[in-house]
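Novice: Here's a structure for you.
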Amino acid sequence: MGGVVHFEIPADDRERARKFYQEALDWRIEPVPGMDYSMVITADMDDNGQPVAAGAINGGMMAREGQITHPVITVDVPDINATLKRVEQLGGSVVIPKNEIPGMGYTAYFKDSEGNVMGLWENLPAEGEPGQGA
């Protein structure tokens with residue numbers, strides 16, 4: 001079962017959105033070095049960058065562009081390519097194919113049968129574990 005592990009908020013004016021979410025919800029929003037992306041910290045994290053509270057998730061913020069125009073829910077899957085194939089078989093479509101986030105994992109976006117854009121996340125294989133079709 002794919003669990004919800006992340007969310008993303010697209011913004012026309014990221015500085016305005018950052019200020020809004022910091023003041024409205026006390027979220028921390030931190031730019032990611034080398035990327036046009038910011039992490040949205042909604043919960044305390046452990047030394048590995050994972051939320052310490054059960055069920056809590058953190059997110060991201062980026063420019064609104066292309067087909068990513070509304071908030072996106074991201075689901076953890078063991079194999080993005082297999083999931084995208086299943087999505088297409090069920091009447092969905094690939095919005096952005098599998099991309100690597102160096103040192104972390106892979107991401108992709110799809111459109112469901114209702115036209116909603118959703119995100120997928122696949123962790124990098126653990127040390128010594130074979131890859132899953134990168």
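Residues in the structure tokens are numbered from 1 in each chain, the chains being A, B, ... in the order shown, and ligands are numbered from 1 in the order shown.
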Run DSSP on the backbone and give me the residues of chain A it puts in strand (DSSP E), as a short mmCIF file (atom, residue, chain, number, x, y, z; two decimals) with N, CA, C and O atoms, in the first residue's frame.
Specialist:
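Listed below is the output, part.cif:
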```
data_model
loop_
_atom_site.label_atom_id
_atom_site.label_comp_id
_atom_site.auth_asym_id
_atom_site.auth_seq_id
_atom_site.Cartn_x
_atom_site.Cartn_y
_atom_site.Cartn_z
N VAL A 4 1.11 8.16 1.98
CA VAL A 4 1.37 9.55 1.67
C VAL A 4 2.64 9.96 2.43
O VAL A 4 2.71 9.79 3.65
N VAL A 5 3.64 10.47 1.70
CA VAL A 5 4.92 10.78 2.31
C VAL A 5 5.37 12.22 2.13
O VAL A 5 6.38 12.63 2.70
N HIS A 6 4.64 12.99 1.32
CA HIS A 6 5.12 14.34 0.98
C HIS A 6 3.96 15.11 0.35
O HIS A 6 3.01 14.52 -0.13
N PHE A 7 4.06 16.41 0.37
CA PHE A 7 3.11 17.25 -0.37
C PHE A 7 3.91 18.37 -1.01
O PHE A 7 5.03 18.68 -0.59
N GLU A 8 3.35 18.98 -2.04
CA GLU A 8 4.00 20.10 -2.70
C GLU A 8 2.98 21.20 -2.95
O GLU A 8 1.84 20.92 -3.30
N ILE A 9 3.43 22.43 -2.78
CA ILE A 9 2.58 23.59 -2.99
C ILE A 9 3.21 24.45 -4.09
O ILE A 9 4.29 25.00 -3.90
N PRO A 10 2.55 24.54 -5.25
CA PRO A 10 3.06 25.45 -6.28
C PRO A 10 2.65 26.88 -5.95
O PRO A 10 1.60 27.11 -5.35
N ALA A 11 3.50 27.83 -6.32
CA ALA A 11 3.21 29.23 -5.99
C ALA A 11 3.62 30.14 -7.14
O ALA A 11 4.64 29.91 -7.79
N ARG A 28 8.30 26.16 8.73
CA ARG A 28 9.61 26.61 8.29
C ARG A 28 9.75 26.28 6.81
O ARG A 28 9.43 25.17 6.39
N ILE A 29 10.21 27.23 6.02
CA ILE A 29 10.37 27.01 4.58
C ILE A 29 11.80 27.38 4.24
O ILE A 29 12.20 28.53 4.41
N GLU A 30 12.56 26.36 3.80
CA GLU A 30 13.99 26.52 3.58
C GLU A 30 14.37 26.18 2.15
O GLU A 30 14.05 25.08 1.68
N PRO A 31 15.09 27.07 1.46
CA PRO A 31 15.54 26.78 0.10
C PRO A 31 16.46 25.55 0.08
O PRO A 31 17.23 25.33 1.01
N SER A 38 12.00 24.66 -2.42
CA SER A 38 12.15 24.87 -0.98
C SER A 38 11.49 23.73 -0.23
O SER A 38 10.43 23.24 -0.64
N MET A 39 12.09 23.33 0.87
CA MET A 39 11.48 22.33 1.75
C MET A 39 10.52 23.05 2.69
O MET A 39 10.82 24.14 3.19
N VAL A 40 9.37 22.44 2.92
CA VAL A 40 8.37 22.97 3.83
C VAL A 40 8.37 22.05 5.05
O VAL A 40 8.01 20.88 4.95
N ILE A 41 8.83 22.58 6.17
CA ILE A 41 8.97 21.80 7.40
C ILE A 41 7.74 22.05 8.27
O ILE A 41 7.56 23.15 8.80
N GLY A 59 6.89 18.82 3.33
CA GLY A 59 6.58 19.02 1.92
C GLY A 59 7.58 19.91 1.23
O GLY A 59 8.71 20.09 1.68
N GLY A 60 7.14 20.46 0.12
CA GLY A 60 7.97 21.32 -0.68
C GLY A 60 7.17 22.43 -1.32
O GLY A 60 5.93 22.39 -1.36
N MET A 61 7.88 23.42 -1.82
CA MET A 61 7.26 24.53 -2.53
C MET A 61 8.10 24.84 -3.76
O MET A 61 9.33 24.84 -3.68
N MET A 62 7.43 25.06 -4.87
CA MET A 62 8.12 25.37 -6.11
C MET A 62 7.27 26.32 -6.94
O MET A 62 6.14 26.62 -6.58
N ALA A 63 7.84 26.78 -8.04
CA ALA A 63 7.10 27.67 -8.94
C ALA A 63 5.92 26.92 -9.56
O ALA A 63 6.03 25.74 -9.90
N VAL A 72 -0.04 19.10 -4.60
CA VAL A 72 0.16 17.71 -5.02
C VAL A 72 0.41 16.85 -3.79
O VAL A 72 1.21 17.22 -2.93
N ILE A 73 -0.24 15.72 -3.73
CA ILE A 73 0.00 14.71 -2.71
C ILE A 73 0.97 13.70 -3.32
O ILE A 73 0.76 13.24 -4.44
N THR A 74 2.02 13.32 -2.57
CA THR A 74 3.01 12.39 -3.08
C THR A 74 2.94 11.09 -2.28
O THR A 74 2.90 11.11 -1.05
N VAL A 75 2.94 9.98 -3.02
CA VAL A 75 2.79 8.65 -2.45
C VAL A 75 4.08 7.85 -2.67
O VAL A 75 4.67 7.89 -3.75
N ASP A 76 4.49 7.10 -1.66
CA ASP A 76 5.68 6.26 -1.71
C ASP A 76 5.33 4.93 -2.40
O ASP A 76 4.34 4.29 -2.05
N SER A 93 -2.55 9.07 -16.83
CA SER A 93 -1.47 9.43 -17.75
C SER A 93 -0.27 9.96 -16.99
O SER A 93 -0.39 10.47 -15.87
N VAL A 94 0.90 9.83 -17.62
CA VAL A 94 2.13 10.33 -17.03
C VAL A 94 2.24 11.83 -17.32
O VAL A 94 2.11 12.25 -18.46
N VAL A 95 2.44 12.63 -16.30
CA VAL A 95 2.61 14.07 -16.44
C VAL A 95 4.11 14.40 -16.54
O VAL A 95 4.53 15.13 -17.42
N ILE A 96 4.90 13.88 -15.61
CA ILE A 96 6.36 14.03 -15.62
C ILE A 96 6.94 12.65 -15.31
O ILE A 96 6.66 12.09 -14.25
N PRO A 97 7.73 12.08 -16.22
CA PRO A 97 8.28 10.75 -15.98
C PRO A 97 9.29 10.74 -14.84
O PRO A 97 9.68 11.79 -14.31
N LYS A 98 9.76 9.58 -14.49
CA LYS A 98 10.69 9.36 -13.39
C LYS A 98 11.95 10.22 -13.54
O LYS A 98 12.58 10.24 -14.59
N ASN A 99 12.27 10.96 -12.47
CA ASN A 99 13.47 11.79 -12.39
C ASN A 99 14.20 11.47 -11.11
O ASN A 99 13.57 11.26 -10.07
N GLU A 100 15.52 11.50 -11.15
CA GLU A 100 16.31 11.24 -9.95
C GLU A 100 16.53 12.53 -9.16
O GLU A 100 16.82 13.58 -9.74
N ILE A 101 16.39 12.43 -7.85
CA ILE A 101 16.80 13.47 -6.93
C ILE A 101 18.09 12.92 -6.31
O ILE A 101 18.04 12.01 -5.48
N GLY A 105 16.41 9.77 -4.03
CA GLY A 105 15.46 8.84 -4.64
C GLY A 105 14.98 9.35 -5.97
O GLY A 105 15.67 10.10 -6.66
N TYR A 106 13.77 8.95 -6.33
CA TYR A 106 13.19 9.30 -7.62
C TYR A 106 11.79 9.85 -7.41
O TYR A 106 11.09 9.48 -6.47
N THR A 107 11.38 10.71 -8.32
CA THR A 107 10.05 11.29 -8.28
C THR A 107 9.43 11.23 -9.67
O THR A 107 10.13 11.13 -10.67
N ALA A 108 8.12 11.25 -9.73
CA ALA A 108 7.36 11.31 -10.99
C ALA A 108 5.99 11.86 -10.65
O ALA A 108 5.59 11.90 -9.48
N TYR A 109 5.27 12.31 -11.68
CA TYR A 109 3.91 12.83 -11.50
C TYR A 109 3.00 12.17 -12.51
O TYR A 109 3.39 11.93 -13.65
N PHE A 110 1.77 11.91 -12.08
CA PHE A 110 0.77 11.34 -12.99
C PHE A 110 -0.56 12.04 -12.79
O PHE A 110 -0.78 12.71 -11.79
N LYS A 111 -1.42 11.86 -13.79
CA LYS A 111 -2.78 12.37 -13.71
C LYS A 111 -3.68 11.16 -13.53
O LYS A 111 -3.57 10.17 -14.26
N VAL A 117 -3.56 15.71 -10.50
CA VAL A 117 -2.14 15.40 -10.57
C VAL A 117 -1.68 14.92 -9.20
O VAL A 117 -1.96 15.56 -8.18
N MET A 118 -1.00 13.78 -9.18
CA MET A 118 -0.46 13.18 -7.96
C MET A 118 1.03 12.94 -8.17
O MET A 118 1.49 12.79 -9.31
N GLY A 119 1.79 12.88 -7.08
CA GLY A 119 3.21 12.60 -7.15
C GLY A 119 3.53 11.20 -6.68
O GLY A 119 2.79 10.61 -5.90
N LEU A 120 4.66 10.67 -7.17
CA LEU A 120 5.18 9.38 -6.73
C LEU A 120 6.58 9.58 -6.20
O LEU A 120 7.34 10.41 -6.72
N TRP A 121 6.96 8.79 -5.22
CA TRP A 121 8.31 8.81 -4.66
C TRP A 121 8.81 7.38 -4.54
O TRP A 121 8.08 6.50 -4.10
N GLU A 122 10.07 7.16 -4.96
CA GLU A 122 10.74 5.88 -4.81
C GLU A 122 12.09 6.15 -4.17
O GLU A 122 12.89 6.93 -4.71
N ASN A 123 12.36 5.55 -3.02
CA ASN A 123 13.65 5.73 -2.36
C ASN A 123 14.76 5.09 -3.17
O ASN A 123 14.52 4.10 -3.88
#
```
Novice: For Arg64 of chain A, which residue among A:Met104, A:Ala17, A:Leu25, A:Val32 is the nearest when counting only C-alpha atoms?
Specialist: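 Under the stated criterion, the closest residue is A:Ala17.
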Novice: Per DSSP on the backbone, filter segment 51-100 of chain A down to the residues in helix (DSSP H, G or I) and report them as a ChimeraX atom specification.
Specialist: /A:80-89
Novice: Please compute the atom CA of Lys19 of chain A-atom CA of Tyr37 of chain A distance, one decimal, in Å.
Specialist: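 Computed distance, atom CA of Lys19 of chain A to atom CA of Tyr37 of chain A, equals 15.3 Å.
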Novice: Find the distance between atom CA of Ile68 of chain A and atom CA of Gly115 of chain A and write it in Å to one decimal.
Specialist: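 Atom-to-atom, atom CA of Ile68 of chain A to atom CA of Gly115 of chain A, that is 11.8 Å.
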Novice: Name the residues in contact with Gly92 of chain A at a cut-off of 6 Å, using only C-alpha atoms, excluding same-chain residues fewer than 4 positions from it; report them as a list in words.
Specialist: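 Those residues are Val87, Glu88, Lys111, Asp112 and Ser113 of chain A.
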